[in-house]
Every structure is written in C-alpha cells, then in structure tokens.
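Undergrad: my_file-v3.tsv is reproduced below (TSV, C-alpha atoms and all ligand atoms).
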chain	number	residue	atom	x	y	z
A	1	MET	CA	77.90	-45.35	43.01
A	2	SER	CA	79.79	-46.38	39.93
A	3	PRO	CA	83.57	-46.50	40.18
A	4	ARG	CA	85.41	-43.52	38.89
A	5	ILE	CA	87.96	-44.27	36.21
A	6	ILE	CA	90.96	-42.02	36.23
A	7	ASN	CA	93.26	-42.35	33.28
A	8	ILE	CA	96.74	-41.50	34.40
A	9	PRO	CA	99.29	-41.13	31.62
A	10	LEU	CA	101.74	-43.97	32.04
A	11	SER	CA	105.45	-43.70	31.61
A	12	GLY	CA	107.17	-46.05	29.12
A	13	GLY	CA	108.33	-48.35	31.90
A	14	ASP	CA	104.85	-48.48	33.45
A	15	ARG	CA	103.30	-49.28	30.07
A	16	LYS	CA	105.72	-52.18	29.65
A	17	ALA	CA	104.91	-53.45	33.15
A	18	GLN	CA	101.19	-53.15	32.41
A	19	ALA	CA	101.52	-55.05	29.11
A	20	LYS	CA	103.49	-57.77	30.92
A	21	GLY	CA	100.81	-57.99	33.61
A	22	ILE	CA	98.09	-58.36	30.96
A	23	ARG	CA	100.07	-61.11	29.18
A	24	GLN	CA	100.49	-62.94	32.50
A	25	ALA	CA	96.76	-62.63	33.19
A	26	HIS	CA	95.98	-64.15	29.78
A	27	GLY	CA	98.47	-66.95	30.38
A	28	LEU	CA	96.94	-67.63	33.80
A	29	HIS	CA	93.47	-67.68	32.27
A	30	ASN	CA	94.51	-70.12	29.54
A	31	SER	CA	96.23	-72.59	31.85
A	32	GLN	CA	93.52	-72.47	34.53
A	33	TYR	CA	90.77	-72.73	31.95
A	34	ARG	CA	92.45	-75.77	30.32
A	35	GLU	CA	92.77	-77.37	33.75
A	36	SER	CA	89.08	-76.70	34.53
A	37	VAL	CA	88.08	-78.40	31.24
A	38	LEU	CA	90.17	-81.48	32.14
A	39	ILE	CA	88.81	-81.68	35.71
A	40	ARG	CA	85.23	-81.24	34.46
A	41	SER	CA	85.53	-83.98	31.85
A	42	ALA	CA	87.10	-86.33	34.43
A	43	ALA	CA	84.21	-85.55	36.81
A	44	GLU	CA	81.67	-86.21	34.04
A	45	ALA	CA	83.36	-89.55	33.30
A	46	LYS	CA	83.10	-90.42	37.03
A	47	ILE	CA	79.38	-89.51	37.08
A	48	ARG	CA	78.85	-91.73	34.00
A	49	GLU	CA	80.64	-94.56	35.79
A	50	ALA	CA	78.45	-94.06	38.90
A	51	ASP	CA	75.29	-94.01	36.74
A	52	ARG	CA	76.38	-97.20	34.94
A	53	LEU	CA	77.09	-98.92	38.29
A	54	GLU	CA	73.72	-97.86	39.66
A	55	CYS	CA	72.03	-99.40	36.60
A	56	GLU	CA	74.01	-102.62	37.09
A	57	ALA	CA	73.14	-102.68	40.82
A	58	TRP	CA	69.47	-102.25	39.98
A	59	ASN	CA	69.68	-104.94	37.26
A	60	ALA	CA	71.09	-107.32	39.87
A	61	ILE	CA	68.18	-106.69	42.26
A	62	MET	CA	65.73	-107.04	39.33
A	63	TRP	CA	67.34	-110.33	38.31
A	64	ALA	CA	66.94	-111.50	41.92
A	65	GLY	CA	63.22	-110.74	41.77
A	66	GLY	CA	63.07	-107.13	42.90
A	67	PRO	CA	61.77	-104.99	44.43
A	68	ALA	CA	62.08	-102.48	41.58
A	69	MET	CA	61.07	-99.68	43.92
A	70	PRO	CA	63.08	-98.94	47.06
A	71	SER	CA	61.14	-99.06	50.32
A	72	PRO	CA	61.19	-95.78	52.28
A	73	GLY	CA	64.41	-95.28	54.23
A	74	ASP	CA	66.06	-98.24	52.54
A	75	PRO	CA	69.17	-97.48	50.50
A	76	GLN	CA	68.68	-99.02	47.08
A	77	ALA	CA	69.68	-98.25	43.53
A	78	GLU	CA	66.95	-96.24	41.86
A	79	PRO	CA	68.17	-95.33	38.40
A	80	THR	CA	66.28	-92.61	36.60
A	81	ILE	CA	65.79	-92.25	32.84
A	82	GLY	CA	68.56	-89.62	32.81
A	83	LYS	CA	71.02	-91.75	34.80
A	84	ALA	CA	70.31	-94.82	32.65
A	85	ILE	CA	70.93	-92.92	29.41
A	86	ASN	CA	74.05	-91.25	30.85
A	87	GLY	CA	75.33	-94.62	32.10
A	88	GLY	CA	74.90	-96.19	28.66
A	89	TYR	CA	71.85	-98.31	29.55
A	90	ASP	CA	69.42	-96.68	27.15
A	91	LEU	CA	67.05	-99.64	26.60
A	92	LEU	CA	64.42	-101.00	29.00
A	93	GLU	CA	63.76	-104.71	28.65
A	94	ALA	CA	60.19	-105.76	29.43
A	95	LYS	CA	58.37	-109.08	29.31
A	96	CYS	CA	54.67	-109.70	28.71
A	97	ASN	CA	52.86	-111.21	31.72
A	98	ARG	CA	50.95	-113.56	29.40
A	99	CYS	CA	52.88	-114.55	26.24
A	100	GLU	CA	56.39	-113.83	27.62
A	101	HIS	CA	57.18	-111.72	24.55
A	102	VAL	CA	60.22	-109.54	25.35
A	103	SER	CA	60.28	-105.96	24.12
A	104	LEU	CA	62.92	-103.26	24.24
A	105	VAL	CA	61.82	-99.73	25.06
A	106	PRO	CA	64.26	-97.03	23.87
A	107	LEU	CA	64.54	-94.61	26.82
A	108	ARG	CA	65.65	-91.76	24.55
A	109	GLY	CA	62.31	-91.89	22.77
A	110	LEU	CA	60.28	-91.28	25.95
A	111	THR	CA	58.71	-87.93	26.76
A	112	HIS	CA	58.96	-88.47	30.54
A	113	PRO	CA	61.24	-86.10	32.50
A	114	ALA	CA	64.83	-87.34	32.87
A	115	GLU	CA	64.44	-87.57	36.67
A	116	THR	CA	61.64	-90.17	36.39
A	117	PRO	CA	62.72	-93.40	38.16
A	118	ILE	CA	62.79	-96.36	35.76
A	119	TRP	CA	60.52	-98.45	38.01
A	120	LYS	CA	57.73	-95.91	37.53
A	121	LEU	CA	57.61	-96.81	33.83
A	122	GLU	CA	56.31	-100.30	34.61
A	123	ALA	CA	52.77	-98.94	35.12
A	124	ALA	CA	52.76	-97.84	31.46
A	125	LEU	CA	54.21	-101.07	30.00
A	126	TYR	CA	52.03	-103.35	27.92
A	127	CYS	CA	52.60	-106.11	25.38
A	128	LEU	CA	52.06	-104.92	21.82
A	129	PRO	CA	51.22	-108.32	20.19
A	130	CYS	CA	48.73	-109.19	22.99
A	131	SER	CA	47.13	-105.75	23.08
A	132	GLU	CA	46.52	-105.19	19.39
A	133	GLY	CA	43.02	-103.90	18.78
A	134	ARG	CA	42.21	-103.81	22.48
A	135	HIS	CA	40.88	-100.87	24.43
A	136	TYR	CA	43.47	-99.00	26.53
A	137	SER	CA	42.09	-100.45	29.79
A	138	ARG	CA	42.20	-104.02	28.44
A	139	ARG	CA	45.82	-103.98	27.34
A	140	GLN	CA	48.01	-106.89	28.42
A	141	ARG	CA	50.46	-105.76	31.10
A	142	ALA	CA	54.21	-106.33	30.88
A	143	HIS	CA	56.84	-106.23	33.61
A	144	ILE	CA	60.37	-104.88	33.73
A	145	ILE	CA	63.26	-107.33	33.31
A	146	GLY	CA	65.99	-104.73	33.57
A	147	LEU	CA	68.07	-102.16	31.76
A	148	THR	CA	70.20	-103.00	28.76
A	149	TYR	CA	71.85	-101.47	25.70
A	150	ALA	CA	72.37	-102.44	22.10
A	151	ARG	CA	75.38	-104.73	21.83
A	152	PRO	CA	77.33	-104.56	18.60
A	153	ASP	CA	76.86	-107.61	16.41
A	154	PRO	CA	79.67	-110.03	17.43
A	155	GLU	CA	79.82	-111.39	13.87
A	156	PRO	CA	78.97	-108.61	11.47
A	157	ALA	CA	77.99	-109.87	8.03
A	158	LYS	CA	81.12	-110.00	5.95
A	159	ALA	CA	81.12	-108.63	2.45
A	160	LYS	CA	81.11	-111.44	-0.11
A	161	ARG	CA	84.45	-111.79	-1.79
A	162	ARG	CA	85.00	-113.39	-5.16
B	1	ZN	ZN	52.00	-110.72	25.19
Could the structure of this file be written out as structure tokens, please?
Ligand SMILES: [Zn+2]

TA:
Amino acid sequence: MSPRIINIPLSGGDRKAQAKGIRQAHGLHNSQYRESVLIRSAAEAKIREADRLECEAWNAIMWAGGPAMPSPGDPQAEPTIGKAINGGYDLLEAKCNRCEHVSLVPLRGLTHPAETPIWKLEAALYCLPCSEGRHYSRRQRAHIIGLTYARPDPEPAKAKRR
C-alpha cells in the first residue's frame, strides 16, 4: 500500500517552521556529506599505506630468497596486482634464469584480474632476448626479483645555458 499524502494548508508560522526545518536538513546533509568525503579519503590513504607495506614485506621475503607463495595456513604477505598498483609498486622486476637480464613488467599493462597474486605471474615470465624466435614451449624462463616503481631521475638533464 502506497502512503497517502494529505496536503494540509499550512499557516504562515507553520510554513516558516517548515522552511527552517528544510534549511537545517540541507545544512546537516552538507556537513555530514563533507565529513564522509574526508573520512573516506583518509581510509583510502590508509589502505594505500597498507598495500604499500604489504609490497615491501613481500619484497623483503623475496630478497631473502622466498618463498613467493605463502604456504597454507601461514600468514605471509601476498600482494595482488591491484594491491601493488594501489600501493605504488606498479612494476614487476624479473631476472632471466640464464643470461641474468633484468626486465620490468608494467603491472598496469596486464590483462589479468586485479585480484591475481603477483607470485602467480612467475609462471608466465620469460626472457625476451633469450627467447627471440623460439617456440612458446622453448622460451627461457625468468624469475621474480620483486616489486618496484619508476624512480624519478635524481639528476634530470639540465637545459644548456649560454
Ligand atoms: Zn635471458
């Protein structure tokens, strides 16, 4: 049953009270909405910080020799593509098992779902220089070194002055 709307003619005083109530409701909306935006952006910053820390934790374990993949029931950092990008670590560093050539894989360019753990990408890694002209099954494997990001050039080329 839909609610019945009864329009009762309001007296002047009631109209004023109603207008005041509506203004207060708008004011309440504005201040609460502004607060929700602030809280949400602070929460998003916290999530980014947690994602960055998880990438750094995983990098530490990778530097120490792994394992890249957590064993069942063992708490271990397991950054996903989405977390790595959100945490600012948007490049995967990989090294060829044969020639030691290091490549950077831009995570944003991958078509994998964002929830794919980074360690799962290792199965698809291969060295480009060593695999040129080879059949898919004969490609030279590469292994994950860790997550990284593009650092700004510490000494950007200065414009020549005369
Ligand atoms: Zn190679």

Undergrad: Neighbours of ligand ZN 1 (chain B) within 7 Å, counting all atoms listed in the file, as a PyMOL selection string?

TA: chain A and resi 96-101+127-130+140

Undergrad: Include C-alpha atoms and write out the residues we just selected as a PDB file, keeping the file's coordinate frame.

TA:
ATOM      1  CA  CYS A  96      54.670-109.700  28.710  1.00  0.00           C
ATOM      2  CA  ASN A  97      52.860-111.210  31.720  1.00  0.00           C
ATOM      3  CA  ARG A  98      50.950-113.560  29.400  1.00  0.00           C
ATOM      4  CA  CYS A  99      52.880-114.550  26.240  1.00  0.00           C
ATOM      5  CA  GLU A 100      56.390-113.830  27.620  1.00  0.00           C
ATOM      6  CA  HIS A 101      57.180-111.720  24.550  1.00  0.00           C
ATOM      7  CA  CYS A 127      52.600-106.110  25.380  1.00  0.00           C
ATOM      8  CA  LEU A 128      52.060-104.920  21.820  1.00  0.00           C
ATOM      9  CA  PRO A 129      51.220-108.320  20.190  1.00  0.00           C
ATOM     10  CA  CYS A 130      48.730-109.190  22.990  1.00  0.00           C
ATOM     11  CA  GLN A 140      48.010-106.890  28.420  1.00  0.00           C
TER      12      GLN A 140
END

Undergrad: Smallest atom-to-atom distance to Arg48 of chain A: which of A:Gln76, A:Ile85, A:Lys16, A:Arg34, using all atoms listed in the file?

TA: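 Answer, going by the shortest atom-to-atom distance: A:Ile85.
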
Undergrad: Taking only C-alpha atoms into account, name the residue in A:Ala68, A:Ala84, A:Val37, A:Leu28 that is nearest to Glu49 of chain A.

TA: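 Among the listed residues, the smallest separation from Glu49 of chain A belongs to A:Ala84.
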
Undergrad: Could you list as a VMD selection string every residue that has an atom within 12 Å of (66.9, -91.5, 33.3), using the file's coordinates and counting only C-alpha atoms?

TA: chain A and resid 48 51 to 52 54 to 55 78 to 92 106 to 121 147

Undergrad: Measure the distance from atom CA of Trp58 of chain A to atom CA of Pro70 of chain A in Å and round it to one decimal.

TA: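 Atom CA of Trp58 of chain A sits 10.1 Å away from atom CA of Pro70 of chain A.
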
Undergrad: My list of candidates is A:Ser11, A:Ser71, A:Ser36, A:Thr148. Which is closest to Glu93 of chain A when distances are computed with all atoms listed in the file?

TA: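 Result for the nearest residue to Glu93 of chain A: A:Thr148.
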
Undergrad: Between A:Asn30, A:Pro72, A:Ala77, A:Pro67, single out the one closest to Leu53 of chain A, counting only C-alpha atoms.

TA: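 Among A:Asn30, A:Pro72, A:Ala77, A:Pro67, it is A:Ala77 that comes nearest to Leu53 of chain A.
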
Undergrad: Can I get segment 120-152 of chain A with N, CA and C atoms filled in, as a compact mmCIF listing (two decimals), in the coordinates of the input?

TA:
# COMPACT_ATOMS: atom_id res chain seq x y z
N LYS A 120 59.05 -96.54 37.72
CA LYS A 120 57.73 -95.91 37.53
C LYS A 120 57.18 -96.16 36.12
N LEU A 121 58.06 -96.58 35.21
CA LEU A 121 57.61 -96.81 33.83
C LEU A 121 56.80 -98.11 33.72
N GLU A 122 56.96 -98.99 34.71
CA GLU A 122 56.31 -100.30 34.61
C GLU A 122 54.79 -100.17 34.48
N ALA A 123 54.22 -99.15 35.15
CA ALA A 123 52.77 -98.94 35.12
C ALA A 123 52.28 -98.67 33.70
N ALA A 124 53.18 -98.20 32.83
CA ALA A 124 52.76 -97.84 31.46
C ALA A 124 53.13 -98.93 30.45
N LEU A 125 53.75 -100.03 30.93
CA LEU A 125 54.21 -101.07 30.00
C LEU A 125 53.08 -102.03 29.63
N TYR A 126 52.98 -102.33 28.36
CA TYR A 126 52.03 -103.35 27.92
C TYR A 126 52.61 -104.08 26.71
N CYS A 127 52.09 -105.28 26.47
CA CYS A 127 52.60 -106.11 25.38
C CYS A 127 51.88 -105.73 24.09
N LEU A 128 52.64 -105.36 23.09
CA LEU A 128 52.06 -104.92 21.82
C LEU A 128 51.30 -106.06 21.10
N PRO A 129 51.95 -107.24 20.90
CA PRO A 129 51.22 -108.32 20.19
C PRO A 129 49.91 -108.72 20.90
N CYS A 130 49.92 -108.75 22.25
CA CYS A 130 48.73 -109.19 22.99
C CYS A 130 47.67 -108.10 23.09
N SER A 131 48.06 -106.86 22.85
CA SER A 131 47.13 -105.75 23.08
C SER A 131 46.56 -105.17 21.80
N GLU A 132 46.96 -105.72 20.67
CA GLU A 132 46.52 -105.19 19.39
C GLU A 132 44.99 -105.18 19.30
N GLY A 133 44.46 -104.03 18.95
CA GLY A 133 43.02 -103.90 18.78
C GLY A 133 42.22 -103.83 20.06
N ARG A 134 42.91 -103.85 21.19
CA ARG A 134 42.21 -103.81 22.48
C ARG A 134 42.07 -102.37 22.97
N HIS A 135 41.07 -102.17 23.80
CA HIS A 135 40.88 -100.87 24.43
C HIS A 135 42.02 -100.64 25.42
N TYR A 136 42.37 -99.38 25.64
CA TYR A 136 43.47 -99.00 26.53
C TYR A 136 43.42 -99.76 27.86
N SER A 137 42.23 -99.84 28.46
CA SER A 137 42.09 -100.45 29.79
C SER A 137 42.23 -101.97 29.76
N ARG A 138 42.15 -102.56 28.55
CA ARG A 138 42.20 -104.02 28.44
C ARG A 138 43.56 -104.52 27.94
N ARG A 139 44.52 -103.58 27.86
CA ARG A 139 45.82 -103.98 27.34
C ARG A 139 46.50 -104.98 28.26
N GLN A 140 47.29 -105.88 27.65
CA GLN A 140 48.01 -106.89 28.42
C GLN A 140 49.26 -106.28 29.05
N ARG A 141 49.35 -106.36 30.37
CA ARG A 141 50.46 -105.76 31.10
C ARG A 141 51.77 -106.50 30.84
N ALA A 142 52.86 -105.75 30.97
CA ALA A 142 54.21 -106.33 30.88
C ALA A 142 54.98 -105.89 32.11
N HIS A 143 56.03 -106.62 32.46
CA HIS A 143 56.84 -106.23 33.61
C HIS A 143 58.30 -105.99 33.20
N ILE A 144 58.98 -105.24 34.03
CA ILE A 144 60.37 -104.88 33.73
C ILE A 144 61.30 -106.06 34.01
N ILE A 145 62.19 -106.34 33.07
CA ILE A 145 63.26 -107.33 33.31
C ILE A 145 64.51 -106.60 33.81
N GLY A 146 64.82 -105.51 33.16
CA GLY A 146 65.99 -104.73 33.57
C GLY A 146 66.39 -103.75 32.50
N LEU A 147 67.54 -103.12 32.72
CA LEU A 147 68.07 -102.16 31.76
C LEU A 147 69.12 -102.83 30.89
N THR A 148 69.20 -102.43 29.65
CA THR A 148 70.20 -103.00 28.76
C THR A 148 70.59 -101.96 27.71
N TYR A 149 71.44 -102.36 26.79
CA TYR A 149 71.85 -101.47 25.70
C TYR A 149 72.12 -102.33 24.49
N ALA A 150 72.14 -101.70 23.34
CA ALA A 150 72.37 -102.44 22.10
C ALA A 150 73.82 -102.89 22.04
N ARG A 151 74.02 -104.20 21.95
CA ARG A 151 75.38 -104.73 21.83
C ARG A 151 75.72 -104.80 20.34
N PRO A 152 76.96 -104.43 20.01
CA PRO A 152 77.33 -104.56 18.60
C PRO A 152 77.32 -106.03 18.18
